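Everything below belongs to my_file.txt, which stores compact mmCIF, C-alpha atoms and all ligand atoms.
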# COMPACT_ATOMS: atom_id res chain seq x y z
CA MET A 1 20.33 4.07 15.39
CA SER A 2 19.05 0.97 17.19
CA SER A 3 21.33 -2.00 17.78
CA SER A 4 19.52 -3.99 15.11
CA THR A 5 20.39 -1.42 12.47
CA SER A 6 23.93 -0.48 13.46
CA SER A 7 27.04 -1.85 11.83
CA SER A 8 28.06 -5.37 12.71
CA THR A 9 29.51 -6.04 16.14
CA ARG A 10 33.24 -5.45 16.10
CA THR A 11 35.50 -7.74 18.06
CA GLY A 12 38.68 -5.73 17.86
CA SER A 13 40.49 -8.18 15.56
CA THR A 14 41.79 -6.92 12.22
CA ALA A 15 39.47 -9.29 10.38
CA ALA A 16 36.49 -7.99 12.27
CA LEU A 17 37.46 -4.39 11.60
CA THR A 18 37.52 -4.99 7.85
CA GLN A 19 34.11 -6.66 7.82
CA PRO A 20 31.62 -4.84 5.63
CA GLU A 21 28.93 -2.90 7.46
CA VAL A 22 25.54 -4.62 7.57
CA ARG A 23 22.54 -2.30 7.31
CA LYS A 24 19.88 -4.66 8.59
CA GLY A 25 16.54 -3.93 6.96
CA LEU A 26 18.50 -1.66 4.57
CA VAL A 27 17.83 1.14 7.05
CA GLY A 28 19.12 4.42 5.65
CA VAL A 29 20.43 2.84 2.44
CA VAL A 30 19.85 4.89 -0.72
CA ALA A 31 19.38 2.17 -3.34
CA ASP A 32 18.75 4.27 -6.48
CA VAL A 33 17.33 7.55 -7.72
CA THR A 34 13.66 8.11 -8.57
CA ALA A 35 11.68 10.94 -10.14
CA VAL A 36 8.29 9.47 -9.22
CA SER A 37 7.87 10.79 -5.68
CA LYS A 38 9.79 12.38 -2.85
CA VAL A 39 9.20 11.45 0.77
CA ASP A 40 10.76 14.10 3.00
CA PRO A 41 10.61 13.31 6.72
CA ASP A 42 12.29 16.63 7.61
CA THR A 43 9.49 18.72 6.14
CA ASN A 44 6.94 15.93 6.69
CA SER A 45 5.96 16.13 3.04
CA LEU A 46 5.24 13.83 0.13
CA LEU A 47 5.49 15.06 -3.45
CA TYR A 48 4.16 13.15 -6.45
CA ARG A 49 6.26 14.34 -9.39
CA GLY A 50 6.76 17.59 -7.47
CA TYR A 51 3.15 18.20 -6.40
CA PRO A 52 2.20 18.00 -2.69
CA VAL A 53 0.03 14.94 -2.23
CA GLN A 54 -2.46 16.74 -0.01
CA ASP A 55 -3.09 19.31 -2.78
CA LEU A 56 -3.61 16.55 -5.33
CA ALA A 57 -5.94 14.70 -2.94
CA GLY A 58 -7.91 17.90 -2.41
CA SER A 59 -8.54 18.73 -6.04
CA LYS A 60 -7.70 15.93 -8.49
CA THR A 61 -9.34 12.66 -9.46
CA PHE A 62 -7.51 9.38 -9.01
CA GLU A 63 -7.37 9.04 -12.80
CA GLU A 64 -5.54 12.38 -13.09
CA VAL A 65 -3.09 11.37 -10.35
CA ALA A 66 -2.46 8.04 -12.07
CA TYR A 67 -1.65 9.88 -15.29
CA LEU A 68 0.70 12.18 -13.39
CA LEU A 69 2.56 9.32 -11.72
CA TRP A 70 2.94 7.40 -14.97
CA HIS A 71 3.80 10.28 -17.30
CA GLY A 72 5.36 12.91 -15.04
CA GLU A 73 2.83 15.68 -15.79
CA LEU A 74 -0.86 16.21 -15.09
CA PRO A 75 -2.97 15.39 -18.15
CA THR A 76 -4.51 17.89 -20.51
CA PRO A 77 -8.28 17.41 -20.92
CA ASP A 78 -7.65 15.50 -24.17
CA GLU A 79 -5.01 13.24 -22.61
CA LEU A 80 -7.29 12.51 -19.69
CA ALA A 81 -10.20 11.73 -22.01
CA VAL A 82 -8.08 9.22 -23.94
CA GLN A 83 -6.92 7.50 -20.75
CA ASN A 84 -10.45 7.47 -19.27
CA ARG A 85 -11.94 6.00 -22.43
CA ALA A 86 -9.39 3.19 -22.38
CA GLU A 87 -9.91 2.55 -18.63
CA ARG A 88 -13.69 2.43 -18.93
CA GLY A 89 -13.41 0.08 -21.90
CA ARG A 90 -11.29 -2.36 -19.89
CA ARG A 91 -13.27 -2.52 -16.65
CA GLY A 92 -15.10 -5.78 -17.31
CA LEU A 93 -13.38 -8.94 -16.05
CA PRO A 94 -12.34 -11.31 -18.85
CA ASP A 95 -13.86 -14.78 -18.33
CA PRO A 96 -10.60 -16.52 -17.33
CA VAL A 97 -9.97 -13.93 -14.63
CA ARG A 98 -13.52 -14.08 -13.30
CA ASP A 99 -13.40 -17.88 -13.31
CA ALA A 100 -10.04 -17.90 -11.51
CA VAL A 101 -11.38 -15.61 -8.78
CA LEU A 102 -14.52 -17.69 -8.34
CA ALA A 103 -12.48 -20.91 -8.22
CA LEU A 104 -10.45 -19.81 -5.18
CA PRO A 105 -11.69 -20.86 -1.74
CA THR A 106 -13.23 -18.14 0.37
CA THR A 107 -11.00 -19.34 3.19
CA CYS A 108 -8.00 -17.75 1.47
CA HIS A 109 -7.12 -14.15 2.13
CA PRO A 110 -8.37 -11.61 -0.45
CA MET A 111 -4.75 -10.60 -1.03
CA ASP A 112 -4.16 -14.13 -2.34
CA VAL A 113 -7.02 -13.52 -4.74
CA CYS A 114 -5.50 -10.25 -5.95
CA ARG A 115 -2.10 -11.88 -6.38
CA THR A 116 -3.58 -14.78 -8.33
CA ALA A 117 -5.78 -12.53 -10.46
CA VAL A 118 -2.79 -10.44 -11.55
CA SER A 119 -0.94 -13.62 -12.46
CA VAL A 120 -3.90 -14.84 -14.52
CA ILE A 121 -4.29 -11.45 -16.23
CA GLY A 122 -0.60 -11.65 -17.15
CA ALA A 123 -0.83 -15.22 -18.39
CA HIS A 124 -3.63 -14.21 -20.77
CA ASP A 125 -1.83 -11.13 -22.10
CA PRO A 126 -0.11 -12.02 -25.38
CA GLU A 127 2.20 -9.04 -24.84
CA ALA A 128 3.12 -10.02 -21.28
CA GLU A 129 6.80 -10.37 -22.16
CA ASP A 130 7.04 -7.19 -24.26
CA PRO A 131 9.17 -4.72 -22.27
CA GLY A 132 8.66 -1.81 -24.72
CA PRO A 133 7.37 1.43 -23.15
CA ALA A 134 4.02 1.40 -25.00
CA ALA A 135 3.30 -2.24 -24.11
CA GLU A 136 4.39 -1.61 -20.53
CA GLN A 137 2.08 1.41 -20.21
CA GLU A 138 -0.80 -0.62 -21.58
CA LYS A 139 -0.21 -3.39 -19.04
CA ALA A 140 -0.16 -0.84 -16.23
CA GLU A 141 -3.45 0.66 -17.43
CA ARG A 142 -4.97 -2.81 -17.80
CA LEU A 143 -4.24 -3.67 -14.17
CA PHE A 144 -5.45 -0.23 -13.06
CA ALA A 145 -8.77 -0.84 -14.86
CA LEU A 146 -9.23 -4.47 -13.78
CA LEU A 147 -8.22 -4.51 -10.11
CA PRO A 148 -11.40 -2.76 -8.89
CA ALA A 149 -13.49 -5.48 -10.54
CA VAL A 150 -11.33 -8.20 -8.94
CA VAL A 151 -11.66 -6.67 -5.46
CA ALA A 152 -15.38 -5.97 -5.83
CA LEU A 153 -16.14 -9.46 -7.10
CA ASP A 154 -14.15 -11.05 -4.30
CA GLN A 155 -16.01 -9.12 -1.63
CA ARG A 156 -19.37 -9.94 -3.22
CA ARG A 157 -18.72 -13.67 -3.62
CA ARG A 158 -17.67 -13.88 0.03
CA ARG A 159 -21.02 -12.32 0.91
CA GLY A 160 -22.85 -14.81 -1.34
CA LEU A 161 -23.70 -12.08 -3.86
CA ASP A 162 -23.47 -12.00 -7.65
CA LEU A 163 -21.01 -9.96 -9.66
CA VAL A 164 -22.09 -6.40 -10.49
CA GLU A 165 -21.09 -5.30 -13.99
CA PRO A 166 -19.10 -2.05 -14.27
CA ARG A 167 -20.73 1.18 -15.47
CA ASP A 168 -18.93 3.34 -17.97
CA ASP A 169 -20.91 6.45 -17.03
CA LEU A 170 -19.13 6.62 -13.65
CA GLY A 171 -15.61 7.75 -12.75
CA TYR A 172 -13.09 5.30 -11.30
CA ALA A 173 -14.00 5.77 -7.63
CA ALA A 174 -17.77 5.84 -8.11
CA ASN A 175 -17.66 2.78 -10.35
CA PHE A 176 -15.45 0.88 -7.87
CA LEU A 177 -18.02 1.47 -5.11
CA TRP A 178 -20.85 0.62 -7.49
CA MET A 179 -19.29 -2.75 -8.35
CA ALA A 180 -18.55 -3.49 -4.68
CA PHE A 181 -21.97 -2.60 -3.27
CA GLY A 182 -24.37 -2.66 -6.24
CA GLU A 183 -25.63 0.81 -5.31
CA GLU A 184 -24.45 4.31 -6.09
CA GLN A 185 -22.85 5.94 -3.08
CA ALA A 186 -23.30 9.51 -1.83
CA PRO A 187 -20.92 12.01 -3.48
CA GLU A 188 -19.11 12.64 -0.17
CA VAL A 189 -18.43 8.90 0.19
CA VAL A 190 -17.15 8.67 -3.39
CA ARG A 191 -14.91 11.65 -2.74
CA ALA A 192 -13.60 10.12 0.51
CA PHE A 193 -12.78 6.91 -1.30
CA GLU A 194 -11.05 8.85 -4.07
CA VAL A 195 -8.92 10.74 -1.53
CA SER A 196 -7.80 7.43 0.00
CA MET A 197 -6.88 6.09 -3.44
CA VAL A 198 -4.81 9.20 -4.19
CA LEU A 199 -3.02 9.04 -0.83
CA TYR A 200 -2.21 5.34 -1.16
CA ALA A 201 -0.98 5.53 -4.77
CA GLU A 202 2.74 6.03 -4.29
CA HIS A 203 5.43 6.22 -1.62
CA SER A 204 8.92 5.92 -3.15
CA PHE A 205 11.03 2.88 -2.16
CA ASN A 206 8.66 1.22 0.31
CA ALA A 207 9.00 -2.56 0.63
CA SER A 208 6.45 -3.53 -2.04
CA THR A 209 7.68 -0.99 -4.59
CA PHE A 210 11.25 -2.06 -3.96
CA THR A 211 10.12 -5.65 -4.55
CA ALA A 212 8.61 -4.63 -7.88
CA ARG A 213 11.88 -2.95 -8.81
CA VAL A 214 13.95 -5.99 -7.79
CA VAL A 215 11.80 -8.26 -9.99
CA THR A 216 12.00 -5.78 -12.88
CA SER A 217 15.77 -5.55 -12.49
CA THR A 218 16.06 -9.19 -13.59
CA LEU A 219 14.21 -8.20 -16.79
CA ALA A 220 11.12 -10.17 -15.75
CA ASP A 221 7.73 -8.90 -16.92
CA LEU A 222 5.52 -6.28 -15.27
CA TYR A 223 2.91 -8.80 -14.11
CA SER A 224 5.58 -10.75 -12.24
CA ALA A 225 6.72 -7.53 -10.58
CA VAL A 226 3.18 -6.61 -9.49
CA THR A 227 2.41 -10.15 -8.31
CA ALA A 228 5.51 -10.08 -6.10
CA ALA A 229 4.67 -6.59 -4.87
CA ILE A 230 1.21 -7.75 -3.80
CA GLY A 231 2.82 -10.51 -1.74
CA THR A 232 5.01 -7.93 -0.03
CA LEU A 233 2.14 -5.54 0.64
CA LYS A 234 0.16 -8.28 2.36
CA GLY A 235 2.26 -8.29 5.51
CA PRO A 236 1.02 -6.37 8.56
CA LEU A 237 4.24 -4.37 8.84
CA HIS A 238 3.30 -2.84 5.46
CA GLY A 239 -0.14 -2.73 3.78
CA GLY A 240 -1.76 -5.38 5.96
CA ALA A 241 -1.72 -2.86 8.81
CA ASN A 242 -4.96 -1.18 7.65
CA GLU A 243 -6.85 -4.42 8.34
CA ALA A 244 -5.03 -4.93 11.62
CA VAL A 245 -6.08 -1.45 12.77
CA MET A 246 -9.72 -2.42 12.41
CA ALA A 247 -9.11 -5.72 14.19
CA ALA A 248 -7.61 -3.73 17.09
CA PHE A 249 -10.58 -1.35 17.13
CA GLU A 250 -12.90 -4.33 17.33
CA GLU A 251 -10.85 -5.83 20.14
CA ILE A 252 -10.88 -2.53 22.07
CA GLY A 253 -14.59 -1.81 21.55
CA THR A 254 -15.02 1.65 23.06
CA ALA A 255 -12.86 4.73 23.58
CA ASP A 256 -12.81 4.41 27.37
CA ARG A 257 -11.02 1.04 27.05
CA ALA A 258 -8.31 2.25 24.65
CA ALA A 259 -5.62 3.22 27.18
CA ALA A 260 -5.92 0.00 29.19
CA TRP A 261 -5.92 -2.09 26.00
CA LEU A 262 -2.79 -0.27 24.84
CA ASP A 263 -1.00 -0.84 28.14
CA ASP A 264 -1.76 -4.55 27.93
CA ALA A 265 -0.65 -4.73 24.30
CA LEU A 266 2.58 -2.86 24.91
CA GLY A 267 3.18 -4.92 28.04
CA ALA A 268 2.88 -8.03 25.86
CA LYS A 269 5.42 -6.43 23.45
CA ARG A 270 2.85 -6.25 20.66
CA LYS A 271 3.36 -3.84 17.78
CA ILE A 272 0.43 -1.44 17.56
CA MET A 273 -0.72 -1.55 13.97
CA GLY A 274 -1.19 1.73 12.14
CA PHE A 275 1.52 3.46 14.19
CA GLY A 276 5.14 4.19 13.37
CA HIS A 277 6.98 4.41 10.09
CA ARG A 278 10.42 3.54 8.74
CA VAL A 279 10.92 6.98 7.20
CA TYR A 280 8.64 9.43 9.00
CA LYS A 281 9.51 9.71 12.65
CA ARG A 282 7.44 12.84 13.31
CA GLY A 283 4.20 11.84 11.63
CA ASP A 284 3.10 10.57 8.23
CA SER A 285 2.54 13.35 5.67
CA ARG A 286 -0.70 11.73 4.47
CA VAL A 287 -2.41 11.36 7.83
CA PRO A 288 -3.87 14.90 8.13
CA SER A 289 -5.72 14.53 4.78
CA MET A 290 -6.93 11.01 5.56
CA LYS A 291 -7.95 11.97 9.11
CA ALA A 292 -9.99 14.91 7.78
CA THR A 293 -11.62 12.48 5.36
CA LEU A 294 -12.35 10.06 8.19
CA ASP A 295 -13.91 12.91 10.18
CA ASP A 296 -16.24 13.63 7.25
CA LEU A 297 -17.22 9.96 7.11
CA VAL A 298 -17.78 9.79 10.87
CA GLU A 299 -20.19 12.69 10.47
CA HIS A 300 -21.82 11.29 7.33
CA TYR A 301 -22.48 7.89 8.93
CA ASP A 302 -23.16 9.42 12.37
CA ARG A 303 -20.53 7.29 14.11
CA PRO A 304 -18.93 9.61 16.68
CA ASP A 305 -17.95 6.52 18.70
CA LEU A 306 -15.46 5.53 16.03
CA GLY A 307 -13.94 9.02 15.97
CA GLU A 308 -13.62 8.92 19.76
CA LEU A 309 -11.93 5.52 19.68
CA TYR A 310 -9.51 6.78 17.03
CA ASP A 311 -8.56 9.79 19.15
CA ALA A 312 -8.33 7.81 22.39
CA LEU A 313 -5.91 5.21 21.00
CA ALA A 314 -3.81 7.78 19.12
CA GLY A 315 -3.65 9.98 22.23
CA ALA A 316 -2.61 7.08 24.47
CA MET A 317 0.02 5.92 21.96
CA ALA A 318 1.50 9.42 21.73
CA GLU A 319 1.60 9.66 25.51
CA ARG A 320 3.06 6.20 26.15
CA LYS A 321 5.46 5.82 23.20
CA ASN A 322 5.51 9.14 21.35
CA ILE A 323 4.77 7.17 18.15
CA LEU A 324 2.35 8.72 15.67
CA PRO A 325 -0.19 7.17 13.27
CA ASN A 326 0.68 6.22 9.70
CA LEU A 327 -1.76 6.32 6.76
CA ASP A 328 -3.18 2.89 7.61
CA TYR A 329 -4.54 4.17 10.91
CA PRO A 330 -7.22 6.51 9.50
CA ALA A 331 -7.68 4.46 6.31
CA GLY A 332 -8.81 1.32 8.18
CA PRO A 333 -11.82 2.87 9.95
CA ALA A 334 -12.62 4.94 6.84
CA TYR A 335 -12.99 1.78 4.74
CA HIS A 336 -15.00 0.18 7.53
CA LEU A 337 -17.45 3.08 7.51
CA MET A 338 -17.76 2.86 3.73
CA GLY A 339 -18.97 -0.71 4.22
CA PHE A 340 -15.97 -2.76 3.10
CA ASP A 341 -15.23 -6.02 4.91
CA THR A 342 -12.02 -5.74 6.91
CA GLN A 343 -10.16 -8.34 4.84
CA MET A 344 -10.73 -6.23 1.74
CA PHE A 345 -8.82 -3.19 3.04
CA THR A 346 -5.37 -4.24 1.82
CA PRO A 347 -6.72 -5.21 -1.64
CA LEU A 348 -8.07 -1.63 -1.83
CA PHE A 349 -4.50 -0.49 -1.17
CA VAL A 350 -3.37 -2.78 -4.03
CA ALA A 351 -5.85 -1.20 -6.44
CA SER A 352 -4.35 2.19 -5.67
CA ARG A 353 -0.66 1.28 -5.30
CA VAL A 354 -0.60 -0.56 -8.61
CA VAL A 355 -0.15 2.89 -10.13
CA GLY A 356 2.98 3.60 -8.10
CA TRP A 357 4.37 0.11 -8.60
CA THR A 358 3.99 0.27 -12.37
CA ALA A 359 5.44 3.79 -12.56
CA HIS A 360 8.50 2.39 -10.76
CA VAL A 361 8.64 -0.69 -12.98
CA MET A 362 8.83 1.60 -16.01
CA GLU A 363 11.42 3.84 -14.35
CA GLN A 364 13.54 0.82 -13.38
CA ARG A 365 13.27 -0.65 -16.88
CA ALA A 366 14.37 2.64 -18.49
CA ASP A 367 17.69 2.67 -16.62
CA ASN A 368 18.20 -0.81 -15.30
CA ALA A 369 20.86 -2.41 -13.13
CA LEU A 370 20.37 -5.83 -11.59
CA ILE A 371 19.57 -5.37 -7.89
CA ARG A 372 21.72 -7.81 -6.00
CA PRO A 373 23.13 -6.78 -2.61
CA LEU A 374 25.79 -8.65 -0.65
CA SER A 375 25.55 -10.44 2.66
CA ARG A 376 28.13 -11.06 5.36
CA TYR A 377 28.47 -14.77 6.04
CA VAL A 378 28.16 -15.76 9.71
CA GLY A 379 27.76 -19.56 9.33
CA PRO A 380 30.35 -22.24 10.14
CA ALA A 381 33.87 -21.81 8.76
CA ARG A 382 34.94 -24.12 5.93
CA ARG A 383 34.96 -27.75 7.12
CA GLU A 384 35.39 -31.20 5.64
CA VAL A 385 32.37 -33.27 4.65
CA PRO A 386 32.52 -36.36 6.96
C1 LIG B 401 1.44 2.16 4.50
C2 LIG B 401 2.46 1.49 5.36
O1 LIG B 401 2.96 0.45 5.03
S1 LIG B 401 2.85 2.33 6.78
C3 LIG B 401 3.45 1.05 7.89
C4 LIG B 401 2.33 0.17 8.35
N1 LIG B 401 2.79 -0.76 9.38
C5 LIG B 401 2.33 -0.69 10.65
O2 LIG B 401 1.52 0.15 11.03
C6 LIG B 401 2.88 -1.75 11.57
C7 LIG B 401 3.25 -1.18 12.94
N2 LIG B 401 4.47 -0.40 12.84
C8 LIG B 401 5.69 -1.01 12.88
O3 LIG B 401 5.83 -2.22 13.05
C9 LIG B 401 6.92 -0.13 12.66
O4 LIG B 401 6.68 1.17 13.09
C10 LIG B 401 7.36 -0.14 11.19
C11 LIG B 401 7.62 -1.56 10.70
C12 LIG B 401 6.32 0.51 10.30
C13 LIG B 401 8.64 0.70 11.05
O5 LIG B 401 9.61 -0.01 11.71
P1 LIG B 401 11.10 0.47 11.90
O6 LIG B 401 11.44 1.65 11.10
O7 LIG B 401 11.92 -0.72 11.67
O8 LIG B 401 11.07 0.96 13.37
P2 LIG B 401 11.52 0.13 14.56
O9 LIG B 401 10.85 -1.18 14.55
O10 LIG B 401 13.01 0.19 14.59
O11 LIG B 401 10.94 0.96 15.76
C14 LIG B 401 11.68 1.76 16.62
C15 LIG B 401 11.17 1.56 18.03
O12 LIG B 401 9.79 1.94 18.07
C16 LIG B 401 8.98 0.82 18.41
N3 LIG B 401 7.82 0.83 17.57
C17 LIG B 401 7.74 1.24 16.28
N4 LIG B 401 6.50 1.11 15.83
C18 LIG B 401 5.78 0.59 16.83
C19 LIG B 401 4.44 0.21 16.94
N5 LIG B 401 3.60 0.35 15.92
N6 LIG B 401 4.03 -0.30 18.10
C20 LIG B 401 4.87 -0.45 19.15
N7 LIG B 401 6.17 -0.10 19.09
C21 LIG B 401 6.60 0.41 17.93
C22 LIG B 401 9.83 -0.40 18.14
O13 LIG B 401 9.43 -1.49 18.92
C23 LIG B 401 11.20 0.10 18.46
O14 LIG B 401 11.34 0.10 19.84
P3 LIG B 401 12.74 -0.33 20.50
O15 LIG B 401 13.73 0.68 20.00
O16 LIG B 401 12.47 -0.24 21.96
O17 LIG B 401 13.02 -1.71 20.00
O1 LIG B 402 6.97 3.91 2.83
C1 LIG B 402 6.80 2.91 3.51
O2 LIG B 402 7.73 2.27 4.05
C2 LIG B 402 5.45 2.38 3.78
C3 LIG B 402 4.38 3.33 3.35
O3 LIG B 402 4.05 4.26 4.05
C4 LIG B 402 3.78 3.14 2.04
O4 LIG B 402 4.20 2.26 1.29
O5 LIG B 402 2.84 3.88 1.72
Would you mind writing the file's structure down as structure tokens?
Amino acid sequence: MSSSTSSSTRTGSTAALTQPEVRKGLVGVVADVTAVSKVDPDTNSLLYRGYPVQDLAGSKTFEEVAYLLWHGELPTPDELAVQNRAERGRRGLPDPVRDAVLALPTTCHPMDVCRTAVSVIGAHDPEAEDPGPAAEQEKAERLFALLPAVVALDQRRRRGLDLVEPRDDLGYAANFLWMAFGEEQAPEVVRAFEVSMVLYAEHSFNASTFTARVVTSTLADLYSAVTAAIGTLKGPLHGGANEAVMAAFEEIGTADRAAAWLDDALGAKRKIMGFGHRVYKRGDSRVPSMKATLDDLVEHYDRPDLGELYDALAGAMAERKNILPNLDYPAGPAYHLMGFDTQMFTPLFVASRVVGWTAHVMEQRADNALIRPLSRYVGPARREVP
């Protein structure tokens, strides 16, 4: 355990010995139980409701995985058809949401747009405050259906392009790409995008999901929980890392410069984005699936240079620090190859993770306890006001 995560410094006095232990960053703290997913760093595995994520990514649609995360079981064909019909019927942006997105300056980060859009969607939902399971499920499905349109519109307006209306003859992933680019994408690109959505959907008590659970624990509404979670995901130590990976790739340029760039960055005590993880210390369970997907995209777009840069930086990082990539490392260049602007990468993560967040909101709500930890005071002792 590093010094920053160990128990508080002990001075030897009786008072100091009875001080409560501080687990900075809540490292190693088990805050609650969950049945949504299991992250196991010992076996380097991730299970969604018991199913290995790589098997789901290899054979299931994002819609099926969303159903699984929300309801605990994979859908029957009829259950999936009902969910799909509802999702396709809700894809179009309501006017107030579209207007709110268009009113925001393009100087703001797209994560600010996502955060604001969810707030506006909530403000216009007459059932926003209804915590009943059916209303809660409907809110989750509404955000799931609307976030692709928010992200796609934001990218298009920043490029000076008009909104593209959704198509209800396309699945979630194909329609998302259609709205973003105004063209149908090749099946292998749609599949690659779908795999990324499945892999990003859920990861137990990560910082943004924990945020959503904290908000829910006060009995606030689901939109408030998701809005707060988006704010947490924005940071580069969490979801923002997928954008930062691409920024690093652009800074490095070519594979032959990766090792020297890394030495400079480490020498300057910079964190290398897309590497390391709070829970996995021997590699992120999702990376092999996402890396295989990136390899397919590198081939599809004929960009071996990007694959070489990926390998060169990962190899140098393993050699210098023995720190392995997390999911954001292959996801960043994959989204770049698909044609997304770098700033849109974390909003893509939002569109996927909203499923995990809302599954946790419902789980928290079903067996709630206010989340309120303690702190150890280290400020001045009691003193008189002069
Ligand atoms: C989908 C996701 O959200 S995955 C996470 C995405 N985030 C990133 O990629 C950001 C880069 N990575 C990091 O900053 C960290 O690895 C985190 C925040 C993800 C995990 O952090 P922690 O569990 O707190 O690990 P911690 O910071 O204690 O790291 C342990 C040691 O490895 C080093 N280290 C960890 N990750 C990195 C990194 N990416 N680059 C350089 N050094 C690193 C730390 O500096 C620390 O070194 P020290 O002991 O000499 O001080
Ligand atoms: O679990 C974490 O701390 C971060 C992460 O990988 C995720 O949220 O997908």
Nearby residues, ligand LIG 402 (chain B), 10 Å, all atoms listed in the file, as JSON, numbers by chain = {"A": [39, 199, 200, 201, 202, 203, 204, 205, 206, 207, 208, 209, 210, 233, 237, 238, 239, 274, 276, 277, 278, 279, 280, 284, 285, 286, 326, 327, 328, 349, 353, 356]}
Expected file contents, prior selection, C-alpha atoms, as a PDB file, in the frame of the given file:
ATOM      1  CA  VAL A  39       9.200  11.450   0.770  1.00  0.00           C
ATOM      2  CA  LEU A 199      -3.020   9.040  -0.830  1.00  0.00           C
ATOM      3  CA  TYR A 200      -2.210   5.340  -1.160  1.00  0.00           C
ATOM      4  CA  ALA A 201      -0.980   5.530  -4.770  1.00  0.00           C
ATOM      5  CA  GLU A 202       2.740   6.030  -4.290  1.00  0.00           C
ATOM      6  CA  HIS A 203       5.430   6.220  -1.620  1.00  0.00           C
ATOM      7  CA  SER A 204       8.920   5.920  -3.150  1.00  0.00           C
ATOM      8  CA  PHE A 205      11.030   2.880  -2.160  1.00  0.00           C
ATOM      9  CA  ASN A 206       8.660   1.220   0.310  1.00  0.00           C
ATOM     10  CA  ALA A 207       9.000  -2.560   0.630  1.00  0.00           C
ATOM     11  CA  SER A 208       6.450  -3.530  -2.040  1.00  0.00           C
ATOM     12  CA  THR A 209       7.680  -0.990  -4.590  1.00  0.00           C
ATOM     13  CA  PHE A 210      11.250  -2.060  -3.960  1.00  0.00           C
ATOM     14  CA  LEU A 233       2.140  -5.540   0.640  1.00  0.00           C
ATOM     15  CA  LEU A 237       4.240  -4.370   8.840  1.00  0.00           C
ATOM     16  CA  HIS A 238       3.300  -2.840   5.460  1.00  0.00           C
ATOM     17  CA  GLY A 239      -0.140  -2.730   3.780  1.00  0.00           C
ATOM     18  CA  GLY A 274      -1.190   1.730  12.140  1.00  0.00           C
ATOM     19  CA  GLY A 276       5.140   4.190  13.370  1.00  0.00           C
ATOM     20  CA  HIS A 277       6.980   4.410  10.090  1.00  0.00           C
ATOM     21  CA  ARG A 278      10.420   3.540   8.740  1.00  0.00           C
ATOM     22  CA  VAL A 279      10.920   6.980   7.200  1.00  0.00           C
ATOM     23  CA  TYR A 280       8.640   9.430   9.000  1.00  0.00           C
ATOM     24  CA  ASP A 284       3.100  10.570   8.230  1.00  0.00           C
ATOM     25  CA  SER A 285       2.540  13.350   5.670  1.00  0.00           C
ATOM     26  CA  ARG A 286      -0.700  11.730   4.470  1.00  0.00           C
ATOM     27  CA  ASN A 326       0.680   6.220   9.700  1.00  0.00           C
ATOM     28  CA  LEU A 327      -1.760   6.320   6.760  1.00  0.00           C
ATOM     29  CA  ASP A 328      -3.180   2.890   7.610  1.00  0.00           C
ATOM     30  CA  PHE A 349      -4.500  -0.490  -1.170  1.00  0.00           C
ATOM     31  CA  ARG A 353      -0.660   1.280  -5.300  1.00  0.00           C
ATOM     32  CA  GLY A 356       2.980   3.600  -8.100  1.00  0.00           C
TER      33      GLY A 356
END
Nearby residues (only C-alpha atoms) at most 8 Å from Phe176 in chain A, same-chain spacing under 5 positions excluded, as number ranges by chain = A: 148-149, 152, 166
What's the 12 Å shell around Val120 in chain A, counting all atoms listed in the file, without same-chain residues fewer than 6 positions away, as a list in words?
->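 Neighbouring residues, sequence-local ones excluded: Leu93, Pro94, Asp95, Pro96, Val97, Arg98, Asp99, Ala100, Val101, Val113, Cys114, Pro126, Ala128, Leu143, Leu146, Val150, Tyr223, Ser224, Val226 and Thr227 of chain A.
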Would you work out the distance separating CA of Val189 in chain A from CA of Ala241 in chain A, expressed in Å to one decimal?
->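 Straight-line distance from CA of Val189 in chain A to CA of Ala241 in chain A works out to 22.2 Å.
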Residue nearest ligand LIG 401 (chain B) among A:Asp263, A:Asp341, A:Asp296, A:Glu194 (counting only C-alpha atoms and all ligand atoms) =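 Of A:Asp263, A:Asp341, A:Asp296, A:Glu194, the one nearest ligand LIG 401 (chain B), counting only C-alpha atoms and all ligand atoms, is A:Asp263.
Remark: for ligand LIG 401 (chain B), the closest of the candidate residues A:Leu297, A:Ala316, A:Leu161, A:Val27 is A:Val27 (distances computed over all atoms listed in the file).
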